[in-house]
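S.K.: Next up, entry_1.cif (mmCIF, C-alpha atoms).
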```
data_start
loop_
_atom_site.label_atom_id
_atom_site.label_comp_id
_atom_site.auth_asym_id
_atom_site.auth_seq_id
_atom_site.Cartn_x
_atom_site.Cartn_y
_atom_site.Cartn_z
CA MET E 4 14.18 12.87 -19.26
CA PRO E 5 17.49 11.65 -17.72
CA ARG E 6 17.33 8.30 -15.99
CA LEU E 7 18.85 7.19 -12.68
CA LEU E 8 20.81 4.48 -14.45
CA ASP E 9 24.02 2.75 -13.44
CA VAL E 10 26.03 1.72 -16.50
CA SER E 11 29.19 -0.14 -15.51
CA ALA E 12 32.45 0.17 -17.43
CA ASP E 13 32.02 -3.39 -18.71
CA VAL E 14 28.51 -2.67 -20.00
CA ARG E 15 29.66 0.60 -21.59
CA ALA E 16 32.52 -1.22 -23.32
CA GLU E 17 30.07 -3.70 -24.82
CA ILE E 18 27.34 -1.30 -25.96
CA GLY E 19 29.58 1.69 -26.81
CA ASP E 20 29.74 5.21 -25.42
CA GLU E 21 27.07 6.56 -27.76
CA GLU E 22 24.45 4.01 -26.74
CA ALA E 23 25.39 4.35 -23.06
CA ASP E 24 24.97 8.11 -23.22
CA ARG E 25 21.59 7.72 -24.94
CA LEU E 26 20.45 5.43 -22.14
CA LEU E 27 21.60 7.84 -19.46
CA GLY E 28 19.86 10.68 -21.26
CA GLY E 29 16.55 8.83 -21.31
CA ASP E 30 16.59 7.52 -24.87
CA ASN E 31 16.13 3.75 -25.38
CA ALA E 32 15.61 3.28 -21.64
CA PRO E 33 12.23 2.50 -20.11
CA GLY E 34 10.83 4.64 -17.32
CA SER E 35 9.07 1.69 -15.71
CA TYR E 36 10.31 -1.90 -15.97
CA ASP E 37 10.11 -5.27 -14.29
CA CYS E 38 13.32 -5.96 -12.35
CA THR E 39 15.21 -8.78 -14.07
CA SER E 40 16.04 -10.24 -10.64
CA CYS E 41 13.07 -9.88 -8.30
CA ARG E 42 10.44 -9.33 -11.04
CA THR E 43 8.78 -6.48 -9.17
CA PRO E 44 8.18 -3.09 -10.85
CA GLY E 45 10.88 -0.46 -10.98
CA ASP E 46 11.07 3.12 -12.22
CA SER E 47 14.35 4.43 -13.60
CA GLU E 48 13.07 8.01 -13.23
CA GLN E 49 12.59 7.60 -9.48
CA GLU E 50 15.14 5.03 -8.22
CA ARG E 51 18.64 3.82 -8.97
CA THR E 52 18.50 1.23 -11.73
CA SER E 53 21.22 -1.10 -13.01
CA THR E 54 21.77 -2.01 -16.63
CA VAL E 55 22.53 -5.72 -16.98
CA LEU E 56 23.79 -7.01 -20.33
CA PHE E 57 23.34 -10.71 -21.02
CA VAL E 58 25.72 -11.78 -23.81
CA GLY E 59 25.57 -15.04 -25.77
CA ASP E 60 27.46 -16.24 -28.83
CA GLU E 61 25.28 -14.28 -31.27
CA THR E 62 22.74 -12.44 -29.14
CA ALA E 63 22.90 -9.73 -26.48
CA VAL E 64 19.99 -8.63 -24.29
CA LEU E 65 20.01 -5.46 -22.19
CA ALA E 66 17.86 -5.77 -19.09
CA PHE E 67 17.16 -3.53 -16.11
CA ALA E 68 17.19 -4.24 -12.38
CA HIS E 69 16.83 -2.40 -9.10
CA ALA E 70 20.32 -1.29 -8.09
CA GLY E 71 19.74 -2.99 -4.75
CA CYS E 72 19.04 -6.32 -6.47
CA LEU E 73 21.82 -6.46 -9.07
CA PRO E 74 24.84 -4.32 -9.90
CA SER E 75 25.35 -3.18 -13.48
CA GLN E 76 27.35 -5.93 -15.13
CA VAL E 77 27.96 -8.09 -18.19
CA VAL E 78 26.92 -11.73 -17.79
CA GLN E 79 28.12 -14.34 -20.27
CA VAL E 80 25.46 -16.98 -20.91
CA ALA E 81 24.91 -19.77 -23.40
CA GLU E 82 23.16 -18.76 -26.62
CA ASP E 83 20.26 -21.18 -26.12
CA GLN E 84 19.80 -19.89 -22.57
CA LEU E 85 19.72 -16.32 -23.83
CA GLN E 86 17.20 -17.20 -26.52
CA GLY E 87 15.01 -18.62 -23.76
CA ALA E 88 15.33 -15.34 -21.89
CA VAL E 89 14.31 -13.44 -25.03
CA ARG E 90 11.21 -15.63 -25.31
CA SER E 91 10.42 -14.83 -21.67
CA LEU E 92 10.80 -11.10 -22.30
CA THR E 93 8.49 -11.25 -25.29
CA GLY E 94 5.78 -12.97 -23.29
CA SER E 95 6.09 -16.61 -24.28
CA PRO E 96 4.54 -19.03 -21.78
CA GLN E 97 6.65 -19.99 -18.77
CA GLY E 98 6.32 -22.82 -16.31
CA ALA E 99 4.64 -22.27 -12.97
CA ALA E 100 6.40 -22.67 -9.65
CA GLY E 101 5.60 -25.75 -7.61
CA ASP E 102 5.45 -26.21 -3.85
CA GLY E 103 8.51 -28.40 -3.40
CA PRO E 104 12.16 -28.29 -4.44
CA VAL E 105 12.82 -27.75 -8.15
CA GLU E 106 15.39 -29.97 -9.86
CA ALA E 107 16.95 -30.23 -13.31
CA ALA E 108 20.13 -31.64 -14.78
CA ALA E 109 22.63 -29.65 -16.82
CA ALA E 110 23.84 -32.31 -19.23
CA GLN E 111 26.80 -30.28 -20.45
CA ALA E 112 28.21 -30.12 -16.91
CA VAL E 113 26.88 -33.50 -15.68
CA LEU E 114 25.48 -31.71 -12.65
CA GLY E 115 22.03 -31.89 -11.10
CA VAL E 116 20.76 -28.87 -9.15
CA THR E 117 17.95 -28.75 -6.61
CA SER E 118 16.61 -25.58 -5.00
CA GLY E 119 15.08 -25.49 -1.54
CA LEU E 120 14.91 -23.60 1.76
CA VAL E 121 17.26 -24.88 4.47
CA LEU E 122 16.84 -24.05 8.17
CA ILE E 123 20.13 -23.12 9.88
CA GLY E 124 20.37 -21.38 13.23
CA GLY E 125 16.66 -20.64 13.29
CA ASP E 126 16.70 -18.86 9.92
CA LEU E 127 15.51 -20.13 6.54
CA HIS E 128 18.17 -19.81 3.86
CA PRO E 129 17.64 -20.13 0.10
CA ALA E 130 19.87 -22.99 -1.01
CA LEU E 131 21.01 -24.88 -4.06
CA VAL E 132 22.16 -28.48 -3.80
CA VAL E 133 24.53 -29.67 -6.51
CA GLU E 134 25.07 -33.37 -7.14
CA PRO E 135 26.71 -34.84 -10.25
CA THR E 136 24.93 -37.54 -12.21
CA GLY E 137 28.22 -39.48 -12.24
CA PRO E 138 31.78 -39.34 -10.86
CA ILE E 139 33.75 -36.19 -11.67
CA ALA E 140 37.41 -36.93 -12.42
CA ARG E 141 40.21 -34.40 -12.18
CA PRO E 142 41.18 -33.14 -15.67
CA GLY E 143 43.86 -35.45 -17.05
CA ALA E 144 43.27 -38.13 -14.41
CA GLU E 145 42.51 -41.71 -15.31
CA ALA E 146 38.87 -42.74 -15.32
CA GLY E 147 37.41 -44.37 -12.25
CA GLY E 148 38.08 -41.76 -9.58
CA ASP E 149 35.78 -39.10 -8.15
CA ASP E 150 37.50 -35.81 -7.37
CA PHE E 151 34.35 -33.67 -7.21
CA LEU E 152 34.74 -32.61 -3.58
CA PRO E 153 38.53 -32.12 -3.63
CA LEU E 154 38.20 -29.94 -6.72
CA LEU E 155 35.56 -27.78 -5.02
CA ILE E 156 37.58 -27.52 -1.81
CA GLU E 157 40.51 -26.26 -3.91
CA GLN E 158 38.13 -23.59 -5.27
CA GLY E 159 37.28 -22.45 -1.73
CA PHE E 160 34.21 -24.53 -0.81
CA MET E 161 34.13 -25.45 2.89
CA PRO E 162 33.78 -29.07 4.08
CA LEU E 163 30.88 -29.52 6.51
CA SER E 164 30.44 -32.12 9.20
CA GLU E 165 27.10 -30.68 10.35
CA LEU E 166 24.70 -27.90 9.35
CA THR E 167 24.87 -25.66 12.41
CA GLU E 168 25.93 -22.40 10.76
CA ALA E 169 25.94 -20.89 7.29
CA PRO E 170 29.15 -21.35 5.28
CA ARG E 171 31.40 -18.43 4.47
CA THR E 172 31.08 -16.40 1.28
CA LEU E 173 33.15 -17.60 -1.68
CA PRO E 174 34.75 -14.56 -3.38
CA GLY E 175 34.14 -14.16 -7.10
CA TRP E 176 31.24 -16.62 -7.29
CA SER E 177 27.55 -15.75 -7.53
CA VAL E 178 24.12 -17.17 -8.31
CA LEU E 179 22.26 -15.66 -11.24
CA LEU E 180 18.51 -15.30 -10.74
CA ALA E 181 17.16 -13.40 -13.74
CA MET E 182 13.60 -12.73 -14.82
CA GLY E 183 12.41 -14.60 -11.74
CA GLN E 184 14.15 -17.84 -12.74
CA LEU E 185 17.41 -19.56 -11.86
CA HIS E 186 19.89 -19.35 -14.71
CA ALA E 187 23.39 -20.15 -13.52
CA VAL E 188 26.05 -20.42 -10.86
CA LEU E 189 28.88 -18.13 -11.95
CA GLN E 190 32.58 -18.33 -11.14
CA PRO E 191 35.46 -15.95 -11.82
CA GLY E 192 36.67 -15.83 -15.42
CA THR E 193 40.05 -17.33 -16.23
CA GLY E 194 42.98 -15.80 -18.06
CA GLY E 195 42.18 -12.29 -16.90
CA ALA E 196 38.64 -12.33 -18.32
CA PRO E 197 36.71 -9.32 -16.95
CA SER E 198 33.39 -11.13 -16.61
CA GLN E 199 32.26 -14.19 -14.75
CA VAL E 200 31.67 -17.47 -16.56
CA ALA E 201 29.12 -20.16 -15.87
CA TRP E 202 30.29 -23.00 -13.63
CA TRP E 203 26.79 -24.46 -13.95
CA GLN E 204 23.98 -23.20 -16.12
CA ALA E 205 20.44 -24.41 -16.58
CA HIS E 206 19.64 -26.07 -19.87
CA GLN E 207 16.30 -24.33 -19.45
CA PRO E 208 15.90 -21.53 -16.86
CA LEU E 209 14.60 -23.12 -13.67
CA VAL E 210 11.46 -21.94 -11.95
CA VAL E 211 11.91 -21.48 -8.19
CA THR E 212 9.19 -21.15 -5.60
CA GLU E 213 7.94 -17.76 -4.46
CA GLY E 214 9.25 -18.52 -0.97
CA TRP E 215 12.74 -19.31 -2.27
CA ARG E 216 12.85 -16.17 -4.41
CA ALA E 217 11.56 -13.99 -1.55
CA ALA E 218 14.22 -15.35 0.81
CA ALA E 219 16.95 -14.83 -1.78
CA ASN E 220 15.87 -11.26 -2.46
CA LYS E 221 15.78 -10.57 1.29
CA THR E 222 19.25 -11.90 2.10
CA HIS E 223 20.87 -11.37 -1.33
CA THR E 224 22.75 -14.57 -0.54
CA VAL E 225 22.30 -18.19 -1.63
CA LEU E 226 23.88 -21.18 0.10
CA VAL E 227 25.32 -23.67 -2.38
CA PHE E 228 25.85 -27.24 -1.13
CA ALA E 229 27.62 -29.92 -3.16
CA ALA E 230 27.92 -33.67 -2.66
CA PRO E 231 29.26 -36.58 -4.74
CA VAL E 232 26.99 -38.71 -6.91
CA GLY E 233 24.63 -40.89 -4.88
CA SER E 234 24.78 -38.75 -1.74
CA ILE E 235 21.55 -36.74 -1.94
CA GLY E 236 19.32 -38.21 -4.63
CA ARG E 237 15.96 -36.84 -5.70
CA GLN E 238 14.06 -35.65 -2.67
CA PRO E 239 10.42 -34.58 -3.22
CA ARG E 240 10.20 -32.51 -0.02
CA GLU E 241 12.44 -29.99 1.69
CA ASP E 242 12.44 -31.92 4.99
CA LEU E 243 13.75 -34.99 3.17
CA LEU E 244 16.30 -32.84 1.37
CA ARG E 245 17.52 -31.53 4.74
CA ASP E 246 17.78 -35.08 6.10
CA ALA E 247 19.91 -36.08 3.11
CA LEU E 248 22.16 -33.05 3.63
CA ASP E 249 22.61 -33.90 7.31
CA LYS E 250 23.56 -37.50 6.48
CA SER E 251 26.01 -36.40 3.78
CA ALA E 252 27.65 -33.94 6.18
CA ALA E 253 27.94 -36.57 8.92
CA ASN E 254 29.59 -38.91 6.41
CA GLY E 255 32.10 -36.26 5.30
CA ARG E 256 30.53 -35.99 1.85
CA LEU E 257 29.31 -32.37 1.81
CA VAL E 258 30.92 -29.02 1.00
CA ALA E 259 29.28 -25.61 0.85
CA ALA E 260 29.73 -21.91 0.17
CA ALA E 261 27.61 -18.79 0.43
CA MET E 262 27.28 -16.78 -2.78
CA PRO E 263 25.77 -13.38 -3.49
CA LEU E 264 22.60 -13.39 -5.54
CA ALA E 265 24.37 -11.43 -8.28
CA GLY E 266 27.91 -10.83 -9.53
CA THR E 267 30.79 -9.77 -7.38
#
```
Please render this file's structure as C-alpha cells.
M.R.:
Amino acid sequence: MPRLLDVSADVRAEIGDEEADRLLGGDNAPGSYDCTSCRTPGDSEQERTSTVLFVGDETAVLAFAHAGCLPSQVVQVAEDQLQGAVRSLTGSPQGAAGDGPVEAAAAQAVLGVTSGLVLIGGDLHPALVVEPTGPIARPGAEAGGDDFLPLLIEQGFMPLSELTEAPRTLPGWSVLLAMGQLHAVLQPGTGGAPSQVAWWQAHQPLVVTEGWRAAANKTHTVLVFAAPVGSIGRQPREDLLRDALDKSAANGRLVAAAMPLAGT
C-alpha cells in the first residue's frame, strides 16, 4: 500500500531512485513506527511521514519521523554516534532521564553542553548551555587568548546583557534530537555542501528529561546559550543554572541564538 512519505531530494540522491520509489510504494517502509524525534507512534499510512537518513563514515541509517517533527533530510553524523543510534534501534539498553539538567563533554570539540528549561517572559523554553572546558583560540592565533564569544558573534549569535526575551533564530543552524536523545548542534555546511555538519556532537547521545523533550516538541525551537570557560560551571539544578546565566549576561559573557529542533 502506498505510504504518505516525504523523501527529500537529498535523501533520494543518497538512497537512489529505485529505493526511494520502493519506499513510496510501500515496500521497505513500515506502516507504524516510533518517530525518531519525539519517540511517539506514527503511521505512514495515515499521516505525513518524513524519511531521515543519518549518514556516517561507513554506516547509513534510514529513520522515520512525523512530518511535523522533522523534515526529510540527510544528517551527517560521526560513525561512533551512528553506531550508538543503531544499538538504540535494535533495543540495546539506554540510560534513563534524570530530574535535573543533563551534562556531558564533547572531547573532540572541547565543549561541555548542559540541557535545562529556562524561564523567559513567563514561558519555559528548552535550552542548551555551551561552555568550553578551556579557552578557544581563533584558528591561526597564538595560544593564550580566548575568542570563543567573538567567533560565535561572527556566526550570528546575539550578545545578551539580560535574559528578558528569547534570542532571534540563527539561520542554517539546528538542534538534532533523534530517538528521544540529544545528538548534535548542526551548522551550515561549508564549501557548498548540501547538508549540515555538526558544530557540536555528543560523544554518546545525551538523555534529556521528559519535560525538556516535551517543551522542545511543543515549540520546535531550542535556545542555545554560550559562555566562555569558567562562566557557568556545573550546576546541579535548573534554578542555579539560571542564576549562572543571569550573572554571565550581566558580566557581558553570554551569547545566544534560537535554533529549530531539526534542520533548516
S.K.: Give me, as a Markdown table, the closest atom pair and its distance (Å, one decimal) for every residue of region 173-224 of chain E within a cut-off of 12 Å of region 147-163 of chain E, counting all atoms listed in the file, rows sorted by chain and rising number.
M.R.:
```
| residue | atom | partner | partner_atom | distance |
| --- | --- | --- | --- | --- |
| E:Leu173 | CA | E:Gly159 | CA | 6.4 |
| E:Pro174 | CA | E:Gly159 | CA | 8.4 |
| E:Gly175 | CA | E:Gly159 | CA | 10.4 |
| E:Trp176 | CA | E:Gln158 | CA | 10.0 |
| E:Gln190 | CA | E:Gln158 | CA | 9.6 |
| E:Pro191 | CA | E:Gln158 | CA | 10.4 |
| E:Trp202 | CA | E:Leu155 | CA | 11.2 |
```
S.K.: One decimal, in Å: what's the spacing between CA of Gly119 (chain E) and CA of Glu241 (chain E)?
M.R.: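 So the answer is 6.1 Å.
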S.K.: E:Thr172, E:Thr136, E:Thr52, E:Ser75: which is nearest Ser35 (chain E), counting only C-alpha atoms?
M.R.: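 Among the listed residues, E:Thr52 lies closest to Ser35 (chain E).
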S.K.: To test your reading of the syntax: which residues would the PyMOL selection byres ((chain E and resi 39) around 9) return for the file shown? Reply as a list in words.
M.R.: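 That expression, the PyMOL selection byres ((chain E and resi 39) around 9), corresponds here to Tyr36, Asp37, Cys38, Ser40, Cys41, Arg42, Thr43, Val55, Ala66, Phe67, Ala68, His69, Cys72, Leu73, Leu180, Ala181, Met182 and Gly183 of chain E.
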S.K.: Let me make sure I understand: among E:Ile139, E:Val211, E:Val200, E:Ser118, which one has the smallest atom-to-atom distance to Pro239 (chain E) if we use all atoms listed in the file?
M.R.: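 Among E:Ile139, E:Val211, E:Val200, E:Ser118, it is E:Ser118 that comes nearest to Pro239 (chain E).
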S.K.: Write out as a list in words each polymer residue whose atoms come within 9 Å of Val227 (chain E), counting only C-alpha atoms; drop sequence neighbours fewer than 3 positions from it.
M.R.: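 Residues meeting the cut-off are Pro129, Ala130, Leu131, Val132, Val133, Pro170, Val178, Val258, Ala259, Ala260, Ala261 and Met262 of chain E.
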S.K.: Contacts of Arg245 (chain E) at 10 Å or less, counting all atoms listed in the file, minus same-chain residues fewer than 3 places along, as a PyMOL selection string?
M.R.: chain E and resi 119-122+166+235+238+240-242+248-251
S.K.: For the structure provided, state which residues fall under the PyMOL selection byres ((chain E and resi 179) around 8), and present them as a PDB file with C-alpha atoms, in the coordinates of the input.
M.R.:
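Output file expr19.pdb follows:
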```pdb
ATOM      1  CA  SER E 177      27.550 -15.750  -7.530  1.00  0.00           C
ATOM      2  CA  VAL E 178      24.120 -17.170  -8.310  1.00  0.00           C
ATOM      3  CA  LEU E 180      18.510 -15.300 -10.740  1.00  0.00           C
ATOM      4  CA  ALA E 181      17.160 -13.400 -13.740  1.00  0.00           C
ATOM      5  CA  LEU E 185      17.410 -19.560 -11.860  1.00  0.00           C
ATOM      6  CA  HIS E 186      19.890 -19.350 -14.710  1.00  0.00           C
ATOM      7  CA  ALA E 187      23.390 -20.150 -13.520  1.00  0.00           C
ATOM      8  CA  VAL E 188      26.050 -20.420 -10.860  1.00  0.00           C
ATOM      9  CA  LEU E 189      28.880 -18.130 -11.950  1.00  0.00           C
ATOM     10  CA  LEU E 264      22.600 -13.390  -5.540  1.00  0.00           C
ATOM     11  CA  ALA E 265      24.370 -11.430  -8.280  1.00  0.00           C
ATOM     12  CA  GLY E 266      27.910 -10.830  -9.530  1.00  0.00           C
TER      13      GLY E 266
END
```
S.K.: Which value, in Å to one decimal, gives the distance between CA of Gly233 (chain E) and CA of Ala140 (chain E)?
M.R.: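 So the answer is 15.4 Å.
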S.K.: Need the neighbours of (22.7, 2.4, -11.2): which residues are at most 8 Å away, counting only C-alpha atoms, as a list of chain:residue names?
M.R.: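 The requested residues, written out, are E:Leu7, E:Leu8, E:Asp9, E:Val10, E:Arg51, E:Thr52, E:Ser53, E:Thr54, E:His69, E:Ala70, E:Pro74, E:Ser75.
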S.K.: Taking all atoms listed in the file into account, which of E:Asp246, E:Glu165, E:Glu61, E:Glu21 comes nearest Gly124 (chain E)?
M.R.: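 Looking only at the distances to Gly124 (chain E), the closest residue turns out to be E:Glu165.
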S.K.: What would the selection look like, as a ChimeraX atom specification, if the PyMOL selection byres ((chain E and resi 135) around 9) were run on the coordinates I just shared?
M.R.: /E:108,112-116,133-134,136-139,151,229-233
S.K.: I need the chosen residues saved as a compact mmCIF listing (two decimals), keeping the file's coordinate frame, with C-alpha atoms.
M.R.:
```
# COMPACT_ATOMS: atom_id res chain seq x y z
CA ALA E 108 20.13 -31.64 -14.78
CA ALA E 112 28.21 -30.12 -16.91
CA VAL E 113 26.88 -33.50 -15.68
CA LEU E 114 25.48 -31.71 -12.65
CA GLY E 115 22.03 -31.89 -11.10
CA VAL E 116 20.76 -28.87 -9.15
CA VAL E 133 24.53 -29.67 -6.51
CA GLU E 134 25.07 -33.37 -7.14
CA THR E 136 24.93 -37.54 -12.21
CA GLY E 137 28.22 -39.48 -12.24
CA PRO E 138 31.78 -39.34 -10.86
CA ILE E 139 33.75 -36.19 -11.67
CA PHE E 151 34.35 -33.67 -7.21
CA ALA E 229 27.62 -29.92 -3.16
CA ALA E 230 27.92 -33.67 -2.66
CA PRO E 231 29.26 -36.58 -4.74
CA VAL E 232 26.99 -38.71 -6.91
CA GLY E 233 24.63 -40.89 -4.88
```
S.K.: Report the distance between CA of Pro44 (chain E) and CA of Gly71 (chain E) in Å, rounded to one decimal place.
M.R.: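 Atom-to-atom, CA of Pro44 (chain E) to CA of Gly71 (chain E), that is 13.1 Å.
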S.K.: Go through E:Ala253, E:Leu244, E:Ala217, E:Leu56 one by one, measure the shortest atom-to-atom distance of each to Ala12 (chain E) using all atoms listed in the file, and give the residue with the smallest value.
M.R.: E:Leu56
